[in-house]
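Everything below belongs to target_25.cif, which stores mmCIF, C-alpha atoms and all ligand atoms.
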data_upload
#
loop_
_atom_site.label_atom_id
_atom_site.label_comp_id
_atom_site.auth_asym_id
_atom_site.auth_seq_id
_atom_site.Cartn_x
_atom_site.Cartn_y
_atom_site.Cartn_z
CA MET A 159 0.00 0.00 0.00
CA GLN A 160 1.09 3.60 -0.48
CA GLU A 161 3.24 5.19 2.23
CA LEU A 162 1.32 6.49 5.21
CA HIS A 163 1.70 10.11 6.29
CA PRO A 164 4.47 10.28 8.95
CA ARG A 165 1.93 11.38 11.59
CA LEU A 166 -0.19 8.28 10.88
CA LYS A 167 2.90 6.08 10.83
CA ALA A 168 3.79 7.42 14.29
CA ALA A 169 0.28 6.50 15.46
CA ALA A 170 0.52 3.02 13.89
CA ALA A 171 3.76 2.36 15.78
CA MET A 172 1.91 2.95 19.08
CA VAL A 173 -0.88 0.43 18.44
CA PRO A 174 -0.34 -2.72 20.55
CA PRO A 175 0.15 -5.76 18.28
CA GLY A 176 -2.86 -8.07 18.30
CA SER A 177 -5.32 -5.41 19.42
CA THR A 178 -8.67 -4.69 17.82
CA VAL A 179 -8.60 -1.06 16.89
CA ALA A 180 -11.43 1.44 16.52
CA ASP A 181 -10.22 4.20 14.21
CA ILE A 182 -12.33 7.31 14.72
CA GLY A 183 -12.48 9.91 11.94
CA THR A 184 -11.05 7.32 9.60
CA ASP A 185 -11.75 9.08 6.27
CA HIS A 186 -9.89 6.82 3.76
CA ALA A 187 -9.24 4.16 6.43
CA TYR A 188 -5.55 4.29 5.57
CA LEU A 189 -4.50 3.75 9.18
CA PRO A 190 -6.59 0.60 9.85
CA ALA A 191 -5.70 -0.76 6.39
CA TYR A 192 -1.99 -0.30 7.18
CA LEU A 193 -2.42 -2.01 10.57
CA LEU A 194 -4.09 -5.03 8.97
CA LEU A 195 -1.80 -5.28 5.96
CA ASN A 196 1.26 -5.17 8.24
CA GLY A 197 -0.08 -7.80 10.61
CA VAL A 198 -0.38 -5.44 13.60
CA CYS A 199 -4.12 -5.97 14.09
CA PRO A 200 -6.32 -8.89 13.07
CA ARG A 201 -9.37 -6.66 12.62
CA ALA A 202 -10.50 -3.06 12.95
CA ILE A 203 -13.59 -0.89 13.13
CA ALA A 204 -13.32 2.23 10.98
CA CYS A 205 -15.73 5.02 11.95
CA ASP A 206 -16.49 8.40 10.53
CA ILE A 207 -19.26 10.91 11.11
CA GLY A 208 -19.59 11.52 7.36
CA GLU A 209 -20.99 9.27 4.62
CA LYS A 210 -18.48 10.52 2.03
CA PRO A 211 -15.39 9.65 4.12
CA LEU A 212 -16.85 6.20 4.68
CA GLN A 213 -17.23 5.78 0.91
CA ASN A 214 -13.50 6.59 0.70
CA ALA A 215 -12.90 3.97 3.40
CA ALA A 216 -15.00 1.39 1.51
CA GLU A 217 -12.84 2.02 -1.56
CA THR A 218 -9.66 1.32 0.43
CA VAL A 219 -11.19 -1.86 1.89
CA LYS A 220 -12.04 -3.02 -1.63
CA ILE A 221 -8.65 -2.19 -3.16
CA TYR A 222 -6.74 -4.08 -0.46
CA HIS A 223 -9.20 -7.01 -0.15
CA LEU A 224 -9.91 -6.27 3.50
CA ASP A 225 -13.63 -7.13 3.41
CA GLY A 226 -14.72 -8.79 6.63
CA LYS A 227 -11.65 -7.48 8.46
CA ILE A 228 -12.49 -3.78 8.58
CA ASP A 229 -15.97 -3.00 9.80
CA LEU A 230 -17.17 0.39 8.48
CA ARG A 231 -19.58 2.49 10.55
CA VAL A 232 -21.10 5.93 10.39
CA SER A 233 -20.58 7.07 13.96
CA ASP A 234 -20.18 10.30 15.87
CA GLY A 235 -17.02 9.47 17.79
CA LEU A 236 -17.33 6.07 19.47
CA GLU A 237 -21.13 6.28 19.73
CA LYS A 238 -21.74 3.21 17.54
CA VAL A 239 -18.95 1.07 18.98
CA SER A 240 -19.53 -0.88 22.18
CA PRO A 241 -16.67 -1.24 24.68
CA GLU A 242 -16.51 -5.06 24.22
CA GLU A 243 -15.66 -4.64 20.55
CA TYR A 244 -12.23 -2.99 20.78
CA ASN A 245 -9.26 -2.49 23.06
CA ALA A 246 -7.39 0.28 21.23
CA ALA A 247 -8.74 3.49 19.75
CA THR A 248 -6.93 5.74 17.31
CA ILE A 249 -8.13 9.33 16.85
CA CYS A 250 -5.89 11.18 14.42
CA GLY A 251 -6.00 14.28 12.27
CA MET A 252 -8.57 16.27 14.27
CA GLY A 253 -8.23 19.26 16.56
CA GLY A 254 -7.38 18.50 20.17
CA THR A 255 -10.60 20.11 21.41
CA LEU A 256 -12.70 17.78 19.25
CA ILE A 257 -10.65 14.74 20.32
CA ALA A 258 -11.29 15.64 23.97
CA GLN A 259 -15.04 16.01 23.25
CA ILE A 260 -15.12 12.59 21.57
CA LEU A 261 -13.36 10.99 24.55
CA GLU A 262 -15.70 12.74 27.00
CA LYS A 263 -18.76 11.18 25.32
CA ALA A 264 -17.24 7.69 24.93
CA ASP A 265 -17.85 4.60 27.05
CA LEU A 266 -14.24 3.40 27.00
CA PRO A 267 -13.20 -0.20 27.84
CA ALA A 268 -11.30 -0.66 31.12
CA ASP A 269 -8.13 -1.86 29.37
CA VAL A 270 -8.25 0.57 26.45
CA ARG A 271 -5.14 1.99 24.85
CA LEU A 272 -5.69 5.44 23.34
CA ILE A 273 -3.51 6.62 20.47
CA LEU A 274 -4.15 10.29 19.82
CA GLN A 275 -2.72 12.63 17.22
CA PRO A 276 -4.16 16.15 17.53
CA MET A 277 -3.57 18.66 14.74
CA THR A 278 -3.91 21.61 17.16
CA HIS A 279 -4.44 22.26 20.89
CA ALA A 280 -2.74 19.12 22.17
CA GLU A 281 -3.16 20.58 25.67
CA ASP A 282 -6.91 19.88 25.52
CA VAL A 283 -6.15 16.20 24.91
CA ARG A 284 -3.55 15.97 27.71
CA MET A 285 -5.83 17.87 30.09
CA TRP A 286 -8.67 15.47 29.36
CA LEU A 287 -6.45 12.42 29.86
CA CYS A 288 -4.97 13.78 33.09
CA GLY A 289 -8.41 14.66 34.44
CA HIS A 290 -9.99 11.29 33.62
CA GLY A 291 -7.62 8.75 35.13
CA PHE A 292 -5.31 8.21 32.17
CA ALA A 293 -1.53 8.26 32.21
CA ILE A 294 0.28 9.38 29.08
CA GLY A 295 2.98 6.94 28.05
CA ARG A 296 5.13 7.68 25.06
CA GLU A 297 4.85 10.85 23.03
CA VAL A 298 6.60 11.59 19.72
CA CYS A 299 6.79 14.60 17.43
CA VAL A 300 6.96 14.16 13.67
CA ALA A 301 7.32 16.52 10.75
CA ASP A 302 4.67 16.08 8.08
CA ALA A 303 4.13 18.30 5.02
CA GLY A 304 6.09 21.19 6.54
CA ARG A 305 4.42 21.13 9.95
CA VAL A 306 5.10 19.30 13.20
CA TYR A 307 2.60 17.15 15.04
CA CYS A 308 2.66 15.17 18.23
CA CYS A 309 1.25 11.73 18.77
CA MET A 310 0.71 10.18 22.18
CA VAL A 311 -0.39 6.91 23.70
CA ALA A 312 -2.28 6.66 26.98
CA ALA A 313 -3.69 3.94 29.22
CA ARG A 314 -5.61 4.02 32.47
CA GLY A 315 -3.38 4.97 35.38
CA ASP A 316 -2.35 7.82 37.60
CA ASP A 317 -0.14 10.25 35.68
CA PRO A 318 2.30 11.68 38.23
CA ARG A 319 2.34 14.99 36.36
CA LYS A 320 -1.41 15.31 35.96
CA ASP A 321 -1.70 18.58 37.91
CA GLU A 322 1.04 20.54 36.10
CA PRO A 323 -0.30 23.08 33.58
CA GLY A 324 3.11 23.12 31.86
CA TYR A 325 2.79 19.38 31.25
CA TRP A 326 -0.64 19.84 29.66
CA TYR A 327 0.93 22.17 27.09
CA PHE A 328 4.37 20.64 26.54
CA GLY A 329 3.76 17.00 27.47
CA SER A 330 6.91 15.00 28.07
CA LEU A 331 8.81 16.67 25.21
CA SER A 332 12.47 17.00 26.11
CA GLY A 333 13.66 18.89 23.05
CA GLU A 334 16.04 16.12 21.99
CA THR A 335 14.93 16.07 18.38
CA ALA A 336 14.49 18.93 15.90
CA GLU A 337 10.77 18.04 15.68
CA GLU A 338 10.36 18.29 19.46
CA ARG A 339 12.17 21.63 19.53
CA ALA A 340 9.92 22.92 16.76
CA MET A 341 6.82 21.79 18.67
CA ILE A 342 8.07 23.33 21.92
CA ARG A 343 8.77 26.63 20.16
CA LYS A 344 5.43 26.63 18.38
CA THR A 345 3.56 25.96 21.63
CA TYR A 346 5.52 28.63 23.47
CA ASP A 347 4.78 31.24 20.78
CA ARG A 348 1.08 30.40 20.87
CA VAL A 349 0.88 30.61 24.66
CA LYS A 350 2.90 33.85 24.77
CA THR A 351 0.75 35.50 22.10
CA ARG A 352 -2.45 34.55 23.92
CA ALA A 353 -1.08 35.58 27.35
CA ASP A 354 0.05 38.98 26.00
CA ALA A 355 -3.28 39.60 24.27
CA LEU A 356 -5.26 38.78 27.42
CA ALA A 357 -2.99 40.96 29.59
CA GLU A 358 -3.38 43.88 27.22
CA ALA A 359 -7.17 43.52 27.17
CA TYR A 360 -7.46 42.89 30.96
CA ARG A 361 -9.54 39.79 30.14
CA TYR A 362 -9.91 36.33 31.65
CA PRO A 363 -7.65 36.67 34.72
CA GLU A 364 -7.85 32.93 35.53
CA GLU A 365 -6.65 31.94 32.08
CA GLN A 366 -3.93 34.59 32.30
CA ALA A 367 -2.70 33.10 35.58
CA LEU A 368 -2.64 29.60 34.06
CA LEU A 369 -0.75 30.77 30.97
CA ARG A 370 1.79 32.53 33.18
CA GLN A 371 2.42 29.23 34.96
CA VAL A 372 2.91 27.58 31.56
CA LEU A 373 5.41 30.28 30.51
CA THR A 374 7.32 29.87 33.79
CA TYR A 375 7.41 26.10 33.19
CA TYR A 376 8.85 26.75 29.74
CA GLU A 377 11.57 29.02 31.16
CA GLN A 378 12.45 26.41 33.80
CA HIS A 379 12.51 23.41 31.45
CA TYR A 380 13.60 24.80 28.12
CA ASP A 381 15.62 27.86 29.05
CA ASN A 382 18.49 26.83 26.78
CA TYR A 383 16.20 26.80 23.79
CA ARG A 384 14.82 30.20 24.72
CA LYS A 385 18.28 31.75 25.02
CA ARG A 386 19.44 30.24 21.77
CA ARG A 387 16.04 30.73 20.12
CA LEU A 388 16.36 27.26 18.61
C1 LIG B 401 -8.86 15.41 8.55
S1 LIG B 401 -9.70 13.90 8.57
C2 LIG B 401 -8.51 12.85 9.31
C3 LIG B 401 -8.46 11.52 8.62
C4 LIG B 401 -7.43 10.57 9.20
N1 LIG B 401 -7.80 10.14 10.55
C5 LIG B 401 -6.07 11.19 9.22
O1 LIG B 401 -5.53 11.50 10.29
O2 LIG B 401 -5.52 11.43 8.14
C6 LIG B 401 -10.85 14.10 9.88
C7 LIG B 401 -12.02 13.12 9.77
O3 LIG B 401 -12.72 13.13 11.00
C8 LIG B 401 -14.10 13.02 10.73
N2 LIG B 401 -14.82 13.49 11.93
C9 LIG B 401 -14.99 14.76 12.36
N3 LIG B 401 -15.70 14.78 13.51
C10 LIG B 401 -15.98 13.48 13.80
C11 LIG B 401 -16.69 12.84 14.85
N4 LIG B 401 -17.26 13.54 15.84
N5 LIG B 401 -16.79 11.50 14.84
C12 LIG B 401 -16.23 10.78 13.84
N6 LIG B 401 -15.55 11.32 12.82
C13 LIG B 401 -15.42 12.66 12.81
C14 LIG B 401 -14.29 13.85 9.46
O4 LIG B 401 -15.47 13.48 8.77
C15 LIG B 401 -13.02 13.52 8.69
O5 LIG B 401 -13.21 12.44 7.81
#

Starting from the file, give its structure as structure tokens.
Ligand SMILES: C[S@@+](CC[C@H](N)C(=O)[O-])C[C@H]1O[C@@H](n2cnc3c(N)ncnc32)[C@H](O)[C@@H]1O
Amino acid sequence: MQELHPRLKAAAAMVPPGSTVADIGTDHAYLPAYLLLNGVCPRAIACDIGEKPLQNAAETVKIYHLDGKIDLRVSDGLEKVSPEEYNAATICGMGGTLIAQILEKADLPADVRLILQPMTHAEDVRMWLCGHGFAIGREVCVADAGRVYCCMVAARGDDPRKDEPGYWYFGSLSGETAEERAMIRKTYDRVKTRADALAEAYRYPEEQALLRQVLTYYEQHYDNYRKRRL
């Protein structure tokens, strides 16, 4: 099959071998098709809220002879998937706010592994996970079509850093790779711009206080990058 986007490849690498995956917002079903064709998963459920994306998915299923192995469903989030049917969920290529809303509405299995790749606002995803008894495991940043994205995997557990606002925004990124440094810088610029705008307008004091904590966290953890403007 054609090469997956690097951000989807990063997600695929986090799917536990042998799991049954529910791919939410599947569009062309490239991710579940890749998982099946590479022997990672024996079967998958590919869901999308739109009929047209599911037609795209049906085309992929047909091309790669995956009938009977990928179950296609029109579903808002995980609404049409029962918890007994899957033990890993992938939600990729959507905004972080929408991913958090989908998780909020879902009846997730006890042993579920969540593989999440937000296009924006990753902090909403981390905040949801931290506030709902999930611990974030591995996190990677990848460059894809001139932008950087993060992808994370989470399972139920107590995340020791769940109460740190800086962690919600920067995750466990250390800045070791160029992609991580780009993501750290991008997040810092976004937080700084928002914090400055709110301060200037004397608006939302609680959000301002939170963003100031995030900026302090950045200075404490990534000061070298700030000085060198990497
Ligand atoms: C940009 S595409 C991402 C496709 C693929 N997952 C990827 O990462 O390349 C986003 C898909 O999410 C679907 N979507 C948006 N909101 C959804 C929801 N609440 N439940 C299920 N699918 C949704 C859209 O119809 C669209 O096909």

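With atom CA of A:Gly197 on one side and atom CA of A:Ser177 on the other, the separation reads 10.5 Å.
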
Per-residue nearest contacts of stretch 235-337 of chain A to stretch 189-196 of chain A (12 Å; only C-alpha atoms) as CSV:
residue,atom,partner,partner_atom,distance
A:Ala246,CA,A:Pro190,CA,11.4
A:Ala247,CA,A:Pro190,CA,10.5
A:Thr248,CA,A:Leu189,CA,8.7
A:Ile249,CA,A:Leu189,CA,10.2
A:Cys250,CA,A:Leu189,CA,9.2
A:Gly251,CA,A:Leu189,CA,11.1
A:Ile273,CA,A:Leu189,CA,11.7

For chain A versus ligand LIG 401 (chain B), which residues have an atom no more than 8 Å away, and what is each residue's nearest atom pair and distance in Å rounded to one decimal, using all atoms listed in the file, chain-then-number order, as a Markdown table?
| residue | atom | partner | partner_atom | distance |
| --- | --- | --- | --- | --- |
| A:His163 | CA | B:LIG401 | O2 | 7.6 |
| A:Arg165 | CA | B:LIG401 | O1 | 7.6 |
| A:Leu166 | CA | B:LIG401 | O1 | 6.3 |
| A:Asp181 | CA | B:LIG401 | N1 | 7.4 |
| A:Ile182 | CA | B:LIG401 | C12 | 5.3 |
| A:Gly183 | CA | B:LIG401 | O3 | 3.4 |
| A:Thr184 | CA | B:LIG401 | N1 | 4.4 |
| A:Asp185 | CA | B:LIG401 | O5 | 4.0 |
| A:His186 | CA | B:LIG401 | C3 | 6.9 |
| A:Ala187 | CA | B:LIG401 | C4 | 7.2 |
| A:Tyr188 | CA | B:LIG401 | C4 | 7.5 |
| A:Leu189 | CA | B:LIG401 | N1 | 7.3 |
| A:Cys205 | CA | B:LIG401 | C12 | 6.1 |
| A:Asp206 | CA | B:LIG401 | N6 | 3.8 |
| A:Ile207 | CA | B:LIG401 | C12 | 4.1 |
| A:Gly208 | CA | B:LIG401 | O4 | 4.8 |
| A:Lys210 | CA | B:LIG401 | O4 | 8.0 |
| A:Pro211 | CA | B:LIG401 | O5 | 5.1 |
| A:Leu212 | CA | B:LIG401 | O5 | 7.9 |
| A:Val232 | CA | B:LIG401 | C12 | 7.7 |
| A:Ser233 | CA | B:LIG401 | C12 | 5.7 |
| A:Asp234 | CA | B:LIG401 | N5 | 3.7 |
| A:Gly235 | CA | B:LIG401 | N5 | 3.6 |
| A:Leu236 | CA | B:LIG401 | N5 | 7.2 |
| A:Ile249 | CA | B:LIG401 | N1 | 6.4 |
| A:Cys250 | CA | B:LIG401 | O1 | 4.2 |
| A:Gly251 | CA | B:LIG401 | O1 | 3.4 |
| A:Met252 | CA | B:LIG401 | C6 | 5.4 |
| A:Leu256 | CA | B:LIG401 | N4 | 7.1 |
| A:Ile260 | CA | B:LIG401 | N4 | 6.2 |
| A:Gln275 | CA | B:LIG401 | O1 | 7.6 |

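Checking A:Asp321, A:Asp302, A:Glu217, A:Glu209 one by one against A:Ala168, counting only C-alpha atoms, you find the shortest gap at A:Asp302.
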
Expressed in Å to a single decimal, how great is the separation between atom CA of A:Arg361 and atom CA of A:Thr255?
21.6 Å

Fewer than 3 positions away in the same chain doesn't count, so skip those; otherwise give me all residues within 7 Å of stretch 323-336 of chain A, counting only C-alpha atoms, as a VMD selection string.
chain A and resid 280 to 281 284 to 285 297 319 339 to 340 342 368 371 to 372 375

For stretch 366-377 of chain A, where the input has fewer atoms than it should, I would like N, CA and C atoms rebuilt and written as a PDB file, keeping the file's coordinate frame.
ATOM      1  N   GLN A 366      -5.234  33.906  32.279  1.00  0.00           N
ATOM      2  CA  GLN A 366      -3.930  34.590  32.300  1.00  0.00           C
ATOM      3  C   GLN A 366      -2.998  33.960  33.322  1.00  0.00           C
ATOM      4  N   ALA A 367      -3.526  33.675  34.508  1.00  0.00           N
ATOM      5  CA  ALA A 367      -2.700  33.100  35.580  1.00  0.00           C
ATOM      6  C   ALA A 367      -2.184  31.721  35.154  1.00  0.00           C
ATOM      7  N   LEU A 368      -3.053  30.924  34.511  1.00  0.00           N
ATOM      8  CA  LEU A 368      -2.640  29.600  34.060  1.00  0.00           C
ATOM      9  C   LEU A 368      -1.545  29.700  32.992  1.00  0.00           C
ATOM     10  N   LEU A 369      -1.749  30.634  32.055  1.00  0.00           N
ATOM     11  CA  LEU A 369      -0.750  30.770  30.970  1.00  0.00           C
ATOM     12  C   LEU A 369       0.586  31.266  31.529  1.00  0.00           C
ATOM     13  N   ARG A 370       0.528  32.077  32.562  1.00  0.00           N
ATOM     14  CA  ARG A 370       1.790  32.530  33.180  1.00  0.00           C
ATOM     15  C   ARG A 370       2.531  31.350  33.796  1.00  0.00           C
ATOM     16  N   GLN A 371       1.780  30.444  34.403  1.00  0.00           N
ATOM     17  CA  GLN A 371       2.420  29.230  34.960  1.00  0.00           C
ATOM     18  C   GLN A 371       3.064  28.415  33.837  1.00  0.00           C
ATOM     19  N   VAL A 372       2.382  28.362  32.700  1.00  0.00           N
ATOM     20  CA  VAL A 372       2.910  27.580  31.560  1.00  0.00           C
ATOM     21  C   VAL A 372       4.201  28.242  31.056  1.00  0.00           C
ATOM     22  N   LEU A 373       4.213  29.581  31.000  1.00  0.00           N
ATOM     23  CA  LEU A 373       5.410  30.280  30.510  1.00  0.00           C
ATOM     24  C   LEU A 373       6.575  30.103  31.498  1.00  0.00           C
ATOM     25  N   THR A 374       6.270  30.095  32.786  1.00  0.00           N
ATOM     26  CA  THR A 374       7.320  29.870  33.790  1.00  0.00           C
ATOM     27  C   THR A 374       7.883  28.453  33.634  1.00  0.00           C
ATOM     28  N   TYR A 375       6.996  27.492  33.411  1.00  0.00           N
ATOM     29  CA  TYR A 375       7.410  26.100  33.190  1.00  0.00           C
ATOM     30  C   TYR A 375       8.362  26.038  32.006  1.00  0.00           C
ATOM     31  N   TYR A 376       8.003  26.742  30.948  1.00  0.00           N
ATOM     32  CA  TYR A 376       8.850  26.750  29.740  1.00  0.00           C
ATOM     33  C   TYR A 376      10.238  27.294  30.088  1.00  0.00           C
ATOM     34  N   GLU A 377      10.267  28.426  30.819  1.00  0.00           N
ATOM     35  CA  GLU A 377      11.570  29.020  31.160  1.00  0.00           C
ATOM     36  C   GLU A 377      12.394  28.051  31.998  1.00  0.00           C
TER      37      GLU A 377
END
